[in-house]
Each structure stands twice: as C-alpha cells, then as structure tokens.
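Enquirer: Here it is, the structure, as structure tokens.
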Amino acid sequence: MLNSFAAGSCALVQGGSRGLGLALVESLAASESFSTVIACSRQPRASSELQALVDDSQGRVRMLELDVTRPESIVAAAGEVRRMGVRLDLVINVAGLLHDEPGLMPEKRLEDLDLEVMQRVFLVNALGPAVFMRHFLPLMPADRRAVLALVSARVGSIGDNRLGGWYAYRASKAALNQLMKTASIEARRRFGNIILTALHPGTTDTALSRPFQSNVPEDKLFTPAFAAERLLEVIDSLSESDSGCFRAWDGQDIPW
Ligand SMILES: NC(=O)c1ccc[n+]([C@@H]2O[C@H](COP(=O)([O-])OP(=O)(O)OC[C@H]3O[C@@H](n4cnc5c(N)ncnc54)[C@H](OP(=O)(O)O)[C@@H]3O)[C@@H](O)[C@H]2O)c1
C-alpha cells in the first residue's frame with residue numbers, strides 16, 4: 001500500500017493525537033514508504049498513545065505542537081518543519097470539532113444557533129485548516145507527486161443534505177470543501193504536482209462520533225484503523241486530474 005509515494009517520503013498529520021488522526025499516524029509509521037511521520041496536535045505530549053508510537057519508532061515518528069485556531073502556532077510549526085529540512089510529500093489535516101464539554105452540541109433546530117459556538121466550529125473545521133494550507137503547501141515538493149488531504153465529512157455535502165440539523169458542523173465542512181477546491185485551482189497553476197482533496201472517512205468509532213452512535217448499524221461503524229487504511233488507499237489512488245475532488249473512504253465521489 002502507498003506505492004504512489006517513493007521510499008523515504010515524509011508525511012505530516014495535523015490532528016494526530018487521537019481518533020482517526022492517531023490511526024493515520026500509526027498506518028503511515030508502519031508503511032515502508034515513509035521515513036518521517038510528523039504528528040501535530042495542540043498538546044502532543046498529552047497523548048500517551050502518540051508518545052508510545054514515537055518511543056517505538058526509532059526517530060521516524062515526531063511530534064509537533066500545532067493549534068489550528070492560532071495563526072502564530074501554525075507559523076511556528078511550519079518554521080519547525082522547515083528547520084527539520086524535510087519536504088512534505090503527504091499532508092493530512094484531520095482536526096475537527098463537532099461537540100465538546102463546555103456545552104457545544106450540534107444544533108437540532110434554528111433556536112439552537114449561537115454565534116460564539118458557530119465561530120468556534122468554523123475556526124477549527126474550516127478557517128484554521130485554510131490558514132494551515134497557506135503555510136504548509138509551500139513545504140511540499142515542487143518536483144514530484146504530493147498530496148494534501150483535508151478530512152471533511154459527508155454531512156458537509158449540500159447536495160446530499162436530506163436530514164438537516166448540525167448547522168455549524170455541516171456548514172463548516174461545506175466551507176472547508178470550498179476552500180480546498182479553490183486552493184486546488186490555484187495549486188494547479190502554481191504547484192502543478194500537488195493534489196488537493198477533501199475526504200469523508202465514514203462513521204468512525206472516536207470521541208467525535210460517540211454521542212451519536214446509537215443509530216449507526218454495527219457494520220457501518222468503522223474502527224479508526226479501518227477508516228485510516230481506506231483513506232490512505234484513496235490517497236494512494238489519486239492522480240493530478242483528481243485534484244479538487246470530494247471523495248469518500250470507498251473511493252466514490254460525493255456531491256458538493
Ligand atoms: N468520527 C467520525 O465518525 C467522523 C465522520 C466524518 C468525519 N469525521 C472527521 O474526521 C476528523 C477526525 O475526527 P475524529 O473522529 O478522529 O475526532 P476526535 O477523536 O474527536 O479527534 C479530533 C482531532 O481534532 C484535533 N483538534 C481539535 N481541536 C483542535 C484545534 N483547535 N487545533 C488543532 N487540533 C484540534 C484533536 O487534536 P488535539 O485535541 O490533540 O489538539 C484531534 O486530533 C474530523 O475532521 C471529523 O470532522 C469524523
């Protein structure tokens with residue numbers, strides 16, 4: 001797997017501390033194509049699973065502090081990658097927010113809309129990743145195939161929205177898709193070999209989906225390891241003409 005990347009490639013996973021991001025770091029670290037895997041998180045050392053991966057990796061897996069909601073943190077992390085002297089053949093932005101402890105739950109109806117909550121969700125899911133793209137695209141190679149993938153969600157599809165609800169999360173993922181598409185058009189002009197994509201991992205058993213799993217049939221709830229493998233297969237299959245696509249874990253395109 002990951003035959004599309006030459007041996008000695010370098011990958012970076014933004015949001016690699018837990019859930020799907022951690023599973024991606026694990027898979028990439030196990031792949032012979034990647035000699036360096038950089039896992040970013042707000043507090044990477046707070047993740048004992050990531051720390052264990054780093055400890056077992058003989059220097060192949062590295063941690064980097066990055067809070068996608070703070071531009072100075074994005075700039076500092078990009079500077080750190082530059083100092084490492086590596087080119088990023090694969091960059092995956094995984095960070096995403098659906099709910100959290102201080103009262104952030106996806107909206108069921110218009111009366112639930114709250115400006116501050118919507119801003120936080122947009123910051124983590126769309127605006128931060130856009131600024132992240134700005135600073136990390138120039139760290140990708142100019143002379144060989146490279147992929148920048150943003151983990152999105154099928155519920156960000158406007159064409160596929162049949163159930164309603166989850167206003168901020170849906171809209172922020174739709175915004176993420178549009179930001180990726182726009183950057184893919186510019187990248188085609190300026191960095192011809194970099195393929196951009198937005199990916200849906202399928203419903204995956206992580207902290208993000210946990211409060212909403214009761215209606216999900218068992219065979220439709222993926223383990224993080226399974227979802228990570230499927231996403232890496234999709235990434236492996238992408239060619240330059242696919243740049244700008246919104247694709248699911250099974251390789252199918254999702255309507256905008
Ligand atoms: N699970 C699903 O069923 C499902 C379905 C569709 C799409 N997705 C998408 O898949 C992605 C991964 O989700 P998951 O299920 O693995 O969720 P998760 O277990 O809750 O992990 C969320 C990740 O986002 C990072 N994050 C959150 N706030 C951040 C911030 N301000 N700055 C930087 N990183 C931040 C976290 O890193 P730190 O807290 O360590 O910084 C963590 O790595 C998300 O984009 C989500 O929308 C998930």
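Residue numbering restarts at 1 in every chain; chains get A, B, ... in the order shown in the structure tokens, and ligands count up from 1 in that same order.
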Can you work out which residues are within 6 Å of ligand 1, considering only C-alpha atoms and all ligand atoms, and then hand them over as an mmCIF file with C-alpha atoms, in the first residue's frame?
Expert:
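Below is the file part_29.cif, written as the result:
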```cif
data_model
loop_
_atom_site.group_PDB
_atom_site.id
_atom_site.type_symbol
_atom_site.label_atom_id
_atom_site.label_comp_id
_atom_site.auth_asym_id
_atom_site.auth_seq_id
_atom_site.Cartn_x
_atom_site.Cartn_y
_atom_site.Cartn_z
ATOM 1 C CA GLY A 15 -4.616 16.316 14.469
ATOM 2 C CA GLY A 16 -2.579 13.153 15.042
ATOM 3 C CA SER A 17 -3.027 12.758 18.804
ATOM 4 C CA ARG A 18 -6.125 10.571 18.913
ATOM 5 C CA GLY A 19 -9.049 9.129 16.971
ATOM 6 C CA LEU A 20 -8.667 8.919 13.213
ATOM 7 C CA GLY A 21 -5.542 11.110 13.144
ATOM 8 C CA SER A 41 -1.652 18.324 17.991
ATOM 9 C CA ARG A 42 -2.319 21.109 20.458
ATOM 10 C CA GLN A 43 -0.632 19.086 23.218
ATOM 11 C CA ASP A 67 -3.189 24.619 17.332
ATOM 12 C CA VAL A 68 -5.000 25.194 14.073
ATOM 13 C CA THR A 69 -7.032 28.026 15.629
ATOM 14 C CA VAL A 94 -7.636 15.752 10.434
ATOM 15 C CA ALA A 95 -8.552 18.228 13.187
ATOM 16 C CA GLY A 96 -12.285 18.646 13.529
ATOM 17 C CA LEU A 97 -14.849 19.699 16.104
ATOM 18 C CA VAL A 124 -11.399 24.571 13.916
ATOM 19 C CA VAL A 151 -10.598 15.324 6.331
ATOM 20 C CA SER A 152 -14.108 16.581 5.701
ATOM 21 C CA ALA A 153 -17.463 14.846 6.238
ATOM 22 C CA HIS A 200 -15.004 11.541 4.143
ATOM 23 C CA PRO A 201 -13.801 8.755 6.463
ATOM 24 C CA GLY A 202 -17.188 7.105 7.109
ATOM 25 C CA THR A 203 -18.693 6.972 10.570
ATOM 26 C CA THR A 204 -15.771 6.025 12.782
ATOM 27 C CA ASP A 205 -15.684 4.990 16.424
ATOM 28 C CA THR A 206 -13.986 8.008 18.034
ATOM 29 C CA ALA A 207 -14.784 10.583 20.712
ATOM 30 C CA LEU A 208 -16.292 12.782 17.981
ATOM 31 C CA SER A 209 -18.979 10.279 16.936
#
```
Enquirer: Using only C-alpha atoms, which protein or nucleic acid residues come within 8 Å of A:Ala7? Drop anything in the same chain fewer than 6 positions from it, and give the result as a list of chain:residue names.
Expert: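 Once the nearby chain positions are removed, what remains is A:Glu32, A:Ser33, A:Phe34, A:Ser35.
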Enquirer: Go ahead and write the selection's residues with N, CA, C and O atoms as a tab-separated table (two decimals), in the first residue's frame.
Expert:
```tsv
chain	number	residue	atom	x	y	z
A	32	GLU	N	6.35	1.27	4.53
A	32	GLU	CA	7.78	1.37	4.17
A	32	GLU	C	8.08	2.62	3.36
A	32	GLU	O	9.23	3.01	3.19
A	33	SER	N	7.02	3.27	2.85
A	33	SER	CA	7.25	4.45	2.00
A	33	SER	C	7.71	5.66	2.81
A	33	SER	O	8.33	6.56	2.26
A	34	PHE	N	7.35	5.70	4.11
A	34	PHE	CA	7.58	6.93	4.87
A	34	PHE	C	8.71	6.76	5.90
A	34	PHE	O	8.62	5.94	6.80
A	35	SER	N	9.74	7.58	5.75
A	35	SER	CA	10.83	7.52	6.72
A	35	SER	C	10.62	8.54	7.83
A	35	SER	O	11.27	8.46	8.88
```
Enquirer: For each of A:Arg247, A:Phe5, A:Met63, A:Trp256, take the minimum atom-to-atom distance to A:Ser47, counting only C-alpha atoms, then give the residue where this is smallest.
Expert: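 Smallest separation from A:Ser47 among the options: A:Met63.
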Enquirer: If you count only C-alpha atoms, which residues fall within 10 Å of A:Val91, apart from same-chain ones fewer than 2 positions away, as an NGL selection string?
Expert: :A and (10-14 or 37-38 or 88-89 or 93-94 or 133 or 136-137 or 139-140 or 146-150 or 196)
Enquirer: DSSP says strand (DSSP E) for which residues of stretch 142-173 of chain A? Put them as a list in words?
Expert: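 Filtering stretch 142-173 of chain A down to strand (DSSP E) leaves Ala146, Val147, Leu148, Ala149, Leu150 and Val151 of chain A.
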Enquirer: With only C-alpha atoms as the atoms that count, which of A:Glu116, A:His99, A:Leu90, A:Ser4 lies nearest to A:Pro211?
Expert: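 Closest residue, counting only C-alpha atoms: A:His99.
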Enquirer: Give me the residues within 8 Å of A:Leu2 as a ChimeraX atom specification, counting only C-alpha atoms and dropping any in the same chain fewer than 4 places off.
Expert: /A:31,33,232-233,236
Enquirer: Keeping only C-alpha atoms, take the residues you just selected and write them out as a tab-separated table (two decimals), in the first residue's frame.
Expert:
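Saved to again.tsv:
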```tsv
chain	number	residue	atom	x	y	z
A	31	SER	CA	4.40	1.89	5.80
A	33	SER	CA	7.25	4.45	2.00
A	232	LEU	CA	-4.80	6.02	2.65
A	233	GLU	CA	-5.96	3.74	-0.20
A	236	ASP	CA	-2.75	6.36	-2.96
```
Enquirer: What is the atom CA of A:Pro141 to atom CA of A:Gln178 distance in Å?
Expert: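 Computing it gives 23.6 Å between the two atoms.
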Enquirer: Which residues come within 12 Å of A:Glu72, counting only C-alpha atoms, excluding same-chain residues fewer than 6 positions away, as an mmCIF file with C-alpha atoms, in the first residue's frame?
Expert:
```
data_model
loop_
_atom_site.group_PDB
_atom_site.id
_atom_site.type_symbol
_atom_site.label_atom_id
_atom_site.label_comp_id
_atom_site.auth_asym_id
_atom_site.auth_seq_id
_atom_site.Cartn_x
_atom_site.Cartn_y
_atom_site.Cartn_z
ATOM 1 C CA GLU A 65 2.741 21.324 18.682
ATOM 2 C CA LEU A 66 0.114 22.956 16.471
ATOM 3 C CA ALA A 78 5.755 25.455 9.687
ATOM 4 C CA GLY A 79 9.073 27.028 10.755
ATOM 5 C CA GLY A 128 -7.833 27.243 10.719
ATOM 6 C CA VAL A 131 -4.520 29.113 7.101
ATOM 7 C CA PHE A 132 -2.770 25.782 7.722
ATOM 8 C CA HIS A 135 1.613 27.835 5.424
#
```
Enquirer: Find the residues near A:Ser57: any atom within 10 Å, counting only C-alpha atoms, skip ones fewer than 3 places away on the same chain, and give them as a list of chain:residue names.
Expert: A:Ala29, A:Ala30, A:Ser35, A:Thr36, A:Val37, A:Gln51, A:Ala52, A:Leu53, A:Val54, A:Arg60, A:Val61, A:Arg62
Enquirer: For the selection you just gave me, I'd like the residues written to a file as a PDB file, in the first residue's frame, keeping all heavy atoms.
Expert:
```pdb
ATOM      1  N   ALA A  29       3.339   5.187   9.872  1.00  0.00           N
ATOM      2  CA  ALA A  29       4.595   4.759  10.502  1.00  0.00           C
ATOM      3  C   ALA A  29       4.912   3.304  10.132  1.00  0.00           C
ATOM      4  O   ALA A  29       6.080   2.915  10.077  1.00  0.00           O
ATOM      5  CB  ALA A  29       4.507   4.920  12.015  1.00  0.00           C
ATOM      6  N   ALA A  30       3.858   2.529   9.867  1.00  0.00           N
ATOM      7  CA  ALA A  30       4.070   1.117   9.513  1.00  0.00           C
ATOM      8  C   ALA A  30       4.372   0.936   8.030  1.00  0.00           C
ATOM      9  O   ALA A  30       4.749  -0.149   7.604  1.00  0.00           O
ATOM     10  CB  ALA A  30       2.822   0.305   9.877  1.00  0.00           C
ATOM     11  N   SER A  35       9.736   7.583   5.745  1.00  0.00           N
ATOM     12  CA  SER A  35      10.833   7.519   6.716  1.00  0.00           C
ATOM     13  C   SER A  35      10.624   8.543   7.832  1.00  0.00           C
ATOM     14  O   SER A  35      11.267   8.457   8.877  1.00  0.00           O
ATOM     15  CB  SER A  35      12.172   7.762   6.021  1.00  0.00           C
ATOM     16  OG  SER A  35      12.134   8.997   5.353  1.00  0.00           O
ATOM     17  N   THR A  36       9.735   9.514   7.600  1.00  0.00           N
ATOM     18  CA  THR A  36       9.419  10.501   8.636  1.00  0.00           C
ATOM     19  C   THR A  36       7.909  10.732   8.665  1.00  0.00           C
ATOM     20  O   THR A  36       7.296  10.956   7.618  1.00  0.00           O
ATOM     21  CB  THR A  36      10.110  11.858   8.340  1.00  0.00           C
ATOM     22  OG1 THR A  36      11.497  11.625   8.136  1.00  0.00           O
ATOM     23  CG2 THR A  36       9.914  12.837   9.474  1.00  0.00           C
ATOM     24  N   VAL A  37       7.336  10.660   9.858  1.00  0.00           N
ATOM     25  CA  VAL A  37       5.911  10.947  10.039  1.00  0.00           C
ATOM     26  C   VAL A  37       5.795  11.952  11.189  1.00  0.00           C
ATOM     27  O   VAL A  37       6.221  11.664  12.307  1.00  0.00           O
ATOM     28  CB  VAL A  37       5.115   9.661  10.378  1.00  0.00           C
ATOM     29  CG1 VAL A  37       3.633   9.981  10.531  1.00  0.00           C
ATOM     30  CG2 VAL A  37       5.318   8.590   9.313  1.00  0.00           C
ATOM     31  N   GLN A  51       2.775   9.212  22.261  1.00  0.00           N
ATOM     32  CA  GLN A  51       4.107   9.132  22.880  1.00  0.00           C
ATOM     33  C   GLN A  51       4.682   7.722  22.704  1.00  0.00           C
ATOM     34  O   GLN A  51       5.868   7.562  22.370  1.00  0.00           O
ATOM     35  CB  GLN A  51       3.997   9.495  24.368  1.00  0.00           C
ATOM     36  CG  GLN A  51       5.321   9.534  25.105  1.00  0.00           C
ATOM     37  CD  GLN A  51       6.223  10.686  24.649  1.00  0.00           C
ATOM     38  OE1 GLN A  51       5.854  11.847  24.749  1.00  0.00           O
ATOM     39  NE2 GLN A  51       7.398  10.351  24.119  1.00  0.00           N
ATOM     40  N   ALA A  52       3.834   6.694  22.888  1.00  0.00           N
ATOM     41  CA  ALA A  52       4.318   5.310  22.741  1.00  0.00           C
ATOM     42  C   ALA A  52       4.764   5.051  21.303  1.00  0.00           C
ATOM     43  O   ALA A  52       5.789   4.389  21.068  1.00  0.00           O
ATOM     44  CB  ALA A  52       3.210   4.328  23.137  1.00  0.00           C
ATOM     45  N   LEU A  53       3.996   5.576  20.345  1.00  0.00           N
ATOM     46  CA  LEU A  53       4.373   5.416  18.928  1.00  0.00           C
ATOM     47  C   LEU A  53       5.730   6.055  18.647  1.00  0.00           C
ATOM     48  O   LEU A  53       6.578   5.475  17.971  1.00  0.00           O
ATOM     49  CB  LEU A  53       3.352   6.128  18.045  1.00  0.00           C
ATOM     50  CG  LEU A  53       2.278   5.311  17.348  1.00  0.00           C
ATOM     51  CD1 LEU A  53       1.401   6.220  16.499  1.00  0.00           C
ATOM     52  CD2 LEU A  53       2.932   4.252  16.468  1.00  0.00           C
ATOM     53  N   VAL A  54       5.915   7.257  19.186  1.00  0.00           N
ATOM     54  CA  VAL A  54       7.181   7.972  18.992  1.00  0.00           C
ATOM     55  C   VAL A  54       8.319   7.159  19.608  1.00  0.00           C
ATOM     56  O   VAL A  54       9.363   6.948  18.978  1.00  0.00           O
ATOM     57  CB  VAL A  54       7.108   9.386  19.625  1.00  0.00           C
ATOM     58  CG1 VAL A  54       8.475  10.056  19.642  1.00  0.00           C
ATOM     59  CG2 VAL A  54       6.111  10.253  18.870  1.00  0.00           C
ATOM     60  N   ARG A  60      11.480   7.831  13.638  1.00  0.00           N
ATOM     61  CA  ARG A  60      10.693   8.057  12.405  1.00  0.00           C
ATOM     62  C   ARG A  60       9.452   8.893  12.688  1.00  0.00           C
ATOM     63  O   ARG A  60       9.015   9.654  11.849  1.00  0.00           O
ATOM     64  CB  ARG A  60      10.294   6.725  11.788  1.00  0.00           C
ATOM     65  CG  ARG A  60      11.474   6.028  11.131  1.00  0.00           C
ATOM     66  CD  ARG A  60      11.073   4.668  10.613  1.00  0.00           C
ATOM     67  NE  ARG A  60      10.095   4.780   9.547  1.00  0.00           N
ATOM     68  CZ  ARG A  60       8.999   4.037   9.463  1.00  0.00           C
ATOM     69  NH1 ARG A  60       8.715   3.142  10.382  1.00  0.00           N
ATOM     70  NH2 ARG A  60       8.169   4.182   8.456  1.00  0.00           N
ATOM     71  N   VAL A  61       8.860   8.725  13.880  1.00  0.00           N
ATOM     72  CA  VAL A  61       7.656   9.497  14.210  1.00  0.00           C
ATOM     73  C   VAL A  61       8.055  10.640  15.147  1.00  0.00           C
ATOM     74  O   VAL A  61       8.739  10.421  16.147  1.00  0.00           O
ATOM     75  CB  VAL A  61       6.583   8.609  14.894  1.00  0.00           C
ATOM     76  CG1 VAL A  61       5.336   9.436  15.208  1.00  0.00           C
ATOM     77  CG2 VAL A  61       6.220   7.425  14.009  1.00  0.00           C
ATOM     78  N   ARG A  62       7.661  11.848  14.769  1.00  0.00           N
ATOM     79  CA  ARG A  62       7.988  13.020  15.585  1.00  0.00           C
ATOM     80  C   ARG A  62       6.711  13.762  15.940  1.00  0.00           C
ATOM     81  O   ARG A  62       5.731  13.707  15.201  1.00  0.00           O
ATOM     82  CB  ARG A  62       8.887  13.973  14.807  1.00  0.00           C
ATOM     83  CG  ARG A  62      10.138  13.321  14.271  1.00  0.00           C
ATOM     84  CD  ARG A  62      10.992  14.377  13.635  1.00  0.00           C
ATOM     85  NE  ARG A  62      11.990  13.791  12.766  1.00  0.00           N
ATOM     86  CZ  ARG A  62      12.905  14.482  12.119  1.00  0.00           C
ATOM     87  NH1 ARG A  62      12.938  15.802  12.236  1.00  0.00           N
ATOM     88  NH2 ARG A  62      13.785  13.903  11.343  1.00  0.00           N
TER      89      ARG A  62
END
```
Enquirer: How far is it from atom CA of A:Leu231 to atom CA of A:Asp253, in Å with one decimal?
Expert: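 Answer for the atom CA of A:Leu231 to atom CA of A:Asp253 separation: 12.9 Å.
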Enquirer: Just the number, please: distance in Å from atom CA of A:Ile158 to atom CA of A:Phe222, one decimal.
Expert: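 Interatomic distance here is 23.7 Å.
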